[in-house]
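Encoded as structure tokens, the structure appears first; notes follow it.
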2 protein chains.
Amino acid sequence: MNILDISGCCAPVARSTLSEPDAELLATVFKALADPVRLRLLNMISTSPTGEVCACDLVAPTGRSQPTVSHHLKVLREAGLLTADKRGSWVWYAVAPDRLAELRSALGPAELPGAVGSAE
Amino acid sequence: MNILDISGCCAPVARSTLSEPDAELLATVFKALADPVRLRLLNMISTSPTGEVCACDLVAPTGRSQPTVSHHLKVLREAGLLTADKRGSWVWYAVAPDRLAELRSALGPAELPGAVGSAE
DNA sequence: ACGTTATATCGACGTCTGTCGATACGACGA
DNA sequence: TCGTCGTATCGACAGACGTCGATATAACGT
């Protein structure tokens with residue numbers, strides 16, 4: 001289930017007014033990124049040549065227990081940042097590129113130089 | 001004092017390997033964004049016509065106590081997302097655009113379409 | 001059917017974090 | 001100098017979060 005709906009357009013943080021409910025949704029996604037283990041998981045998956053990684057290969061590099069890694073993958077999945085594909089006994093994770101792009105646009109307008117303050 | 005040093009280049013999450021210390025630093029900044037009150041503060045400041053807002057005008061709209069707002073502003077400041085300028089009795093806050101741009105680049109390569117997966 | 005392996009869920013624990021009231025600090029005006 | 005106002009810090013508390021071991025679920029091979 002998808003948590004966020006900022007797919008519409010641009011820059012909720014830097015433009016227009018951010019309502020409390022919208023802020024809550026945005027914060028949920030940032031919360032998913034606010035952990036070093038999850039950032040490294042996301043990094044390992046996104047840098048994989050095939051674009052997907054078996055969950056079994058994600059436990060050792062993080063130095064955490066298997067339940068902990070499974071928990072973090074669930075958080076990333078529920079934030080809409082990862083997709084999970086079960087094939088036989090294994091689960092293959094891949095990044096959901098849309099959500100990352102949405103977050104990037106939420107952080108600021110494309111590339112205005114004075115940027116966030118002098119937005120036109 | 002600045003927490004992060006991703007100013008060098010691009011896309012720590014989507015490219016190359018993210019070391020544990022780097023992940024820790026990145027997570028610190030995302031943690032600053034992982035709260036709805038702070039997101040709204042950032043939004044109010046960045047959407048201000050002058051680009052800066054007096055702290056006194058940030059308390060009421062958030063619906064939180066003055067100490068709580070002061071705490072959140074400190075978190076954003078220490079994450080390098082805000083600058084504080086004391087003028088007389090008042091403190092004027094403005095966004096530090098660099099840090100936001102760094103975060104955006106950390107979230108993904110410029111605009112590769114298949115993006116994070118097929119980064120080659 | 002059985003054991004093995006991969007993954008997810010559960011329950012518990014310690015720590016971190018958002019929140020507030022009370023208070024300290026600092027600047028301004030009378 | 002004294003009171004007032006804006007801001008930051010302190011101390012305390014409740015709730016959220018990362019972590020683990022134990023266990024459940026499910027798929028595969030023998």
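Chain lettering (A, B, ...) mirrors the order of the structure tokens, residue numbering begins at 1 for each chain separately, and ligand numbering begins at 1 in order of display.
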
Report task. Within 10 Å of stretch 80-94 of chain A, counting only C-alpha atoms (C1' of nucleotides), which residues show up once you throw out same-chain ones fewer than 4 positions away? Write them as a PyMOL selection string, please. Result -> (chain A and resi 1-4+29+32-33+41-42+44-46+48+50-58+73-76+98-100) or (chain B and resi 116-117) or (chain C and resi 5-7) or (chain D and resi 26-28)

Query raised in the report: Within 12 Å of D:DT30, counting only C-alpha atoms (C1' of nucleotides), which residues qualify if same-chain residues fewer than 4 places away don't, as a ChimeraX atom specification?
Result: /C:1-4

Could you turn the residues from that selection into a file that holds C-alpha atoms (C1' of nucleotides), as an mmCIF file, in the first residue's frame?
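The resulting part.cif:
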data_model
loop_
_atom_site.group_PDB
_atom_site.id
_atom_site.type_symbol
_atom_site.label_atom_id
_atom_site.label_comp_id
_atom_site.auth_asym_id
_atom_site.auth_seq_id
_atom_site.Cartn_x
_atom_site.Cartn_y
_atom_site.Cartn_z
ATOM 1 C "C1'" DA C 1 6.655 -37.098 5.291
ATOM 2 C "C1'" DC C 2 10.641 -35.032 6.831
ATOM 3 C "C1'" DG C 3 14.471 -31.871 7.397
ATOM 4 C "C1'" DT C 4 16.526 -27.725 5.570
#

Report task. At a cut-off of 8 Å, list the chain C residues touching chain B, using only C-alpha atoms (C1' of nucleotides), as a ChimeraX atom specification. Result -> /C:18-20,26-28

At a cut-off of 12 Å, list the chain D residues touching chain A, using only C-alpha atoms (C1' of nucleotides), as a tab-separated table (two decimals) with N, CA and C atoms (P, O5', C5', C4', C3', O3' and C1' of nucleotides), in the first residue's frame.
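As written to disk, selection_30.tsv reads:
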chain	number	residue	atom	x	y	z
D	16	DA	P	3.29	6.01	19.60
D	16	DA	O5'	4.74	6.04	18.94
D	16	DA	C5'	5.25	7.29	18.48
D	16	DA	C4'	6.70	7.12	18.04
D	16	DA	C3'	6.92	5.95	17.08
D	16	DA	O3'	7.78	6.38	16.03
D	16	DA	C1'	8.34	5.73	18.97
D	17	DC	P	8.12	5.38	14.83
D	17	DC	O5'	9.56	4.82	15.21
D	17	DC	C5'	10.60	5.73	15.49
D	17	DC	C4'	11.87	4.97	15.79
D	17	DC	C3'	12.08	3.75	14.88
D	17	DC	O3'	13.43	3.76	14.43
D	17	DC	C1'	12.24	3.12	17.15
D	18	DG	P	13.88	2.82	13.23
D	18	DG	O5'	15.07	1.99	13.89
D	18	DG	C5'	16.15	2.68	14.48
D	18	DG	C4'	17.05	1.72	15.22
D	18	DG	C3'	17.45	0.48	14.42
D	18	DG	O3'	18.82	0.19	14.69
D	18	DG	C1'	16.27	-0.17	16.38
D	19	DT	P	19.56	-0.99	13.91
D	19	DT	O5'	19.41	-2.23	14.88
D	19	DT	C5'	20.11	-2.25	16.12
D	19	DT	C4'	19.61	-3.36	17.00
D	19	DT	C3'	19.54	-4.73	16.37
D	19	DT	O3'	20.80	-5.36	16.47
D	19	DT	C1'	17.72	-4.32	17.89
D	20	DC	P	21.09	-6.77	15.74
D	20	DC	O5'	20.50	-7.85	16.75
D	20	DC	C5'	20.98	-7.87	18.09
D	20	DC	C4'	20.05	-8.70	18.95
D	20	DC	C3'	19.87	-10.12	18.47
D	20	DC	O3'	20.64	-11.00	19.26
D	20	DC	C1'	17.77	-9.09	19.09
D	21	DG	P	20.80	-12.54	18.77
D	21	DG	O5'	19.57	-13.25	19.51
D	21	DG	C5'	19.54	-13.31	20.93
D	21	DG	C4'	18.29	-14.04	21.39
D	21	DG	C3'	18.15	-15.48	20.89
D	21	DG	O3'	17.56	-16.28	21.91
D	21	DG	C1'	16.33	-14.19	20.09
D	22	DA	P	17.30	-17.84	21.66
D	22	DA	O5'	15.74	-17.90	21.31
D	22	DA	C5'	14.80	-17.36	22.23
D	22	DA	C4'	13.40	-17.51	21.69
D	22	DA	C3'	13.08	-18.89	21.09
D	22	DA	O3'	11.80	-19.33	21.56
D	22	DA	C1'	12.63	-17.19	19.51
D	23	DT	P	11.25	-20.76	21.10
D	23	DT	O5'	10.27	-20.40	19.89
D	23	DT	C5'	9.30	-19.38	20.10
D	23	DT	C4'	8.63	-19.02	18.78
D	23	DT	C3'	8.12	-20.23	17.97
D	23	DT	O3'	6.76	-20.04	17.69
D	23	DT	C1'	9.26	-18.69	16.60
D	25	DT	P	1.99	-20.07	11.66
D	25	DT	O5'	2.50	-19.82	10.17
D	25	DT	C5'	2.77	-18.49	9.74
D	25	DT	C4'	3.53	-18.50	8.43
D	25	DT	C3'	3.07	-19.58	7.44
D	25	DT	O3'	2.85	-18.96	6.19
D	25	DT	C1'	5.40	-19.61	7.66
D	26	DA	P	1.90	-19.72	5.07
D	26	DA	O5'	2.85	-19.82	3.81
D	26	DA	C5'	3.93	-18.91	3.67
D	26	DA	C4'	5.07	-19.54	2.91
D	26	DA	C3'	4.68	-20.71	2.01
D	26	DA	O3'	5.27	-20.51	0.74
D	26	DA	C1'	6.50	-21.31	3.33
D	27	DA	P	4.68	-21.19	-0.59
D	27	DA	O5'	6.00	-21.76	-1.29
D	27	DA	C5'	7.09	-20.87	-1.50
D	27	DA	C4'	8.39	-21.66	-1.55
D	27	DA	C3'	8.34	-22.87	-2.50
D	27	DA	O3'	9.45	-22.80	-3.37
D	27	DA	C1'	9.17	-23.49	-0.37
D	28	DC	P	9.45	-23.56	-4.79
D	28	DC	O5'	10.62	-24.63	-4.62
D	28	DC	C5'	11.92	-24.17	-4.24
D	28	DC	C4'	12.66	-25.25	-3.50
D	28	DC	C3'	12.74	-26.60	-4.22
D	28	DC	O3'	14.03	-26.75	-4.77
D	28	DC	C1'	12.36	-26.83	-1.85

Requested in this report: Write out as a ChimeraX atom specification each polymer residue whose atoms come within 7 Å of stretch 20-24 of chain B, counting only C-alpha atoms (C1' of nucleotides); drop sequence neighbours fewer than 4 positions from it.
Outcome: /A:36,39-40 /B:28

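In this comparison, which uses only C-alpha atoms, the residue of A:Leu25, A:Val69, A:Leu103, A:Ala34 approaching chain B most closely is A:Ala34.
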
Requested in this report: Could you check which of A:Arg77, A:Ser19, A:Ala96, A:Ala27 is closest to chain B, using only C-alpha atoms?
Outcome: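 Of A:Arg77, A:Ser19, A:Ala96, A:Ala27, the one nearest chain B is A:Ala27, counting only C-alpha atoms.
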
Query - DSSP alpha helix (DSSP H) residues within stretch 14-55 of chain A, listed as a ChimeraX atom specification - result: /A:20-33,36-46

Could those residues be written to a file, using N, CA and C atoms, as a compact mmCIF listing (two decimals), in the first residue's frame?
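part_38.txt was written with the following content:
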# COMPACT_ATOMS: atom_id res chain seq x y z
N GLU A 20 -0.71 20.24 7.23
CA GLU A 20 -0.27 19.28 8.25
C GLU A 20 -0.37 17.84 7.78
N PRO A 21 -1.47 17.43 7.15
CA PRO A 21 -1.54 16.04 6.67
C PRO A 21 -0.46 15.74 5.64
N ASP A 22 -0.23 16.68 4.72
CA ASP A 22 0.81 16.47 3.71
C ASP A 22 2.18 16.36 4.37
N ALA A 23 2.42 17.22 5.35
CA ALA A 23 3.69 17.17 6.06
C ALA A 23 3.87 15.82 6.74
N GLU A 24 2.78 15.30 7.26
CA GLU A 24 2.83 13.99 7.93
C GLU A 24 3.24 12.90 6.94
N LEU A 25 2.66 12.94 5.75
CA LEU A 25 2.97 11.94 4.74
C LEU A 25 4.42 12.06 4.28
N LEU A 26 4.84 13.28 4.01
CA LEU A 26 6.22 13.51 3.57
C LEU A 26 7.19 13.02 4.65
N ALA A 27 6.88 13.34 5.90
CA ALA A 27 7.76 12.95 7.01
C ALA A 27 7.90 11.44 7.09
N THR A 28 6.81 10.74 6.78
CA THR A 28 6.85 9.28 6.82
C THR A 28 7.92 8.74 5.87
N VAL A 29 7.99 9.32 4.68
CA VAL A 29 8.97 8.83 3.71
C VAL A 29 10.38 9.21 4.13
N PHE A 30 10.54 10.44 4.62
CA PHE A 30 11.88 10.83 5.09
C PHE A 30 12.30 9.98 6.27
N LYS A 31 11.34 9.60 7.10
CA LYS A 31 11.65 8.75 8.25
C LYS A 31 12.24 7.43 7.77
N ALA A 32 11.73 6.94 6.65
CA ALA A 32 12.23 5.68 6.11
C ALA A 32 13.70 5.83 5.69
N LEU A 33 14.10 7.03 5.34
CA LEU A 33 15.47 7.27 4.91
C LEU A 33 16.36 7.69 6.07
N PRO A 36 20.79 4.76 8.98
CA PRO A 36 21.97 4.39 8.19
C PRO A 36 21.86 3.00 7.59
N VAL A 37 21.27 2.06 8.31
CA VAL A 37 21.14 0.71 7.76
C VAL A 37 20.24 0.73 6.53
N ARG A 38 19.13 1.44 6.62
CA ARG A 38 18.22 1.50 5.47
C ARG A 38 18.85 2.22 4.29
N LEU A 39 19.64 3.25 4.56
CA LEU A 39 20.32 3.94 3.47
C LEU A 39 21.29 3.01 2.77
N ARG A 40 21.98 2.19 3.55
CA ARG A 40 22.93 1.27 2.93
C ARG A 40 22.21 0.17 2.16
N LEU A 41 21.09 -0.29 2.66
CA LEU A 41 20.29 -1.27 1.93
C LEU A 41 19.87 -0.69 0.59
N LEU A 42 19.32 0.52 0.64
CA LEU A 42 18.88 1.19 -0.58
C LEU A 42 20.05 1.35 -1.54
N ASN A 43 21.18 1.70 -1.00
CA ASN A 43 22.37 1.88 -1.83
C ASN A 43 22.81 0.58 -2.47
N MET A 44 22.84 -0.48 -1.69
CA MET A 44 23.28 -1.77 -2.22
C MET A 44 22.36 -2.25 -3.33
N ILE A 45 21.06 -2.04 -3.13
CA ILE A 45 20.10 -2.50 -4.13
C ILE A 45 20.19 -1.66 -5.40
N SER A 46 20.31 -0.35 -5.22
CA SER A 46 20.29 0.51 -6.40
C SER A 46 21.59 0.42 -7.19

Report task. Determine the nearest neighbour of D:DG6 from the options B:Ala79, B:Ser70, B:Thr62, B:Pro49, counting only C-alpha atoms (C1' of nucleotides). Result ->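 Of B:Ala79, B:Ser70, B:Thr62, B:Pro49, the one nearest D:DG6 is B:Ser70, counting only C-alpha atoms (C1' of nucleotides).
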
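If you look at atom CA of A:Thr17 and atom CA of A:Gly108, they are 13.4 Å away from each other.
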
Requested in this report: Run DSSP on the backbone and give me the residues of stretch 17-112 of chain A it puts in strand (DSSP E), as a list of chain:residue names.
Outcome: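 Output for stretch 17-112 of chain A, strand (DSSP E) only: A:Glu52, A:Val53, A:Cys54, A:Leu82, A:Thr83, A:Ala84, A:Asp85, A:Lys86, A:Arg87, A:Trp90, A:Val91, A:Trp92, A:Tyr93, A:Ala94, A:Val95.
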
Test item: residues at most 10 Å from D:DG11, only C-alpha atoms (C1' of nucleotides), excluding those fewer than 2 positions along its chain, as an mmCIF file with N, CA and C atoms (P, O5', C5', C4', C3', O3' and C1' of nucleotides), in the first residue's frame:
data_model
loop_
_atom_site.group_PDB
_atom_site.id
_atom_site.type_symbol
_atom_site.label_atom_id
_atom_site.label_comp_id
_atom_site.auth_asym_id
_atom_site.auth_seq_id
_atom_site.Cartn_x
_atom_site.Cartn_y
_atom_site.Cartn_z
ATOM 1 P P DG C 21 2.601 23.753 28.651
ATOM 2 O "O5'" DG C 21 3.487 23.732 29.982
ATOM 3 C "C5'" DG C 21 3.124 22.880 31.069
ATOM 4 C "C4'" DG C 21 4.116 23.039 32.209
ATOM 5 C "C3'" DG C 21 4.237 24.456 32.767
ATOM 6 O "O3'" DG C 21 4.437 24.392 34.185
ATOM 7 C "C1'" DG C 21 6.334 23.780 31.902
ATOM 8 P P DA C 22 4.572 25.761 35.033
ATOM 9 O "O5'" DA C 22 6.150 25.900 35.248
ATOM 10 C "C5'" DA C 22 6.854 24.812 35.845
ATOM 11 C "C4'" DA C 22 8.334 25.142 35.931
ATOM 12 C "C3'" DA C 22 8.663 26.555 36.434
ATOM 13 O "O3'" DA C 22 9.707 26.497 37.389
ATOM 14 C "C1'" DA C 22 9.708 26.173 34.346
ATOM 15 P P DT D 9 20.472 26.781 23.130
ATOM 16 O "O5'" DT D 9 20.181 26.291 24.633
ATOM 17 C "C5'" DT D 9 20.711 27.024 25.714
ATOM 18 C "C4'" DT D 9 20.181 26.490 27.029
ATOM 19 C "C3'" DT D 9 20.310 24.975 27.220
ATOM 20 O "O3'" DT D 9 20.992 24.723 28.427
ATOM 21 C "C1'" DT D 9 18.129 25.705 27.759
ATOM 22 P P DC D 13 8.984 12.498 35.800
ATOM 23 O "O5'" DC D 13 8.044 12.062 34.606
ATOM 24 C "C5'" DC D 13 6.972 12.915 34.190
ATOM 25 C "C4'" DC D 13 6.618 12.614 32.751
ATOM 26 C "C3'" DC D 13 6.476 11.111 32.453
ATOM 27 O "O3'" DC D 13 5.113 10.810 32.201
ATOM 28 C "C1'" DC D 13 7.663 12.280 30.736
#

Query - Counting only C-alpha atoms, the residue of A:Thr47, A:Ala60, A:Glu78, A:Ala106 that sits nearest chain B - result: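 Among the listed residues, the smallest separation from chain B belongs to A:Thr47.
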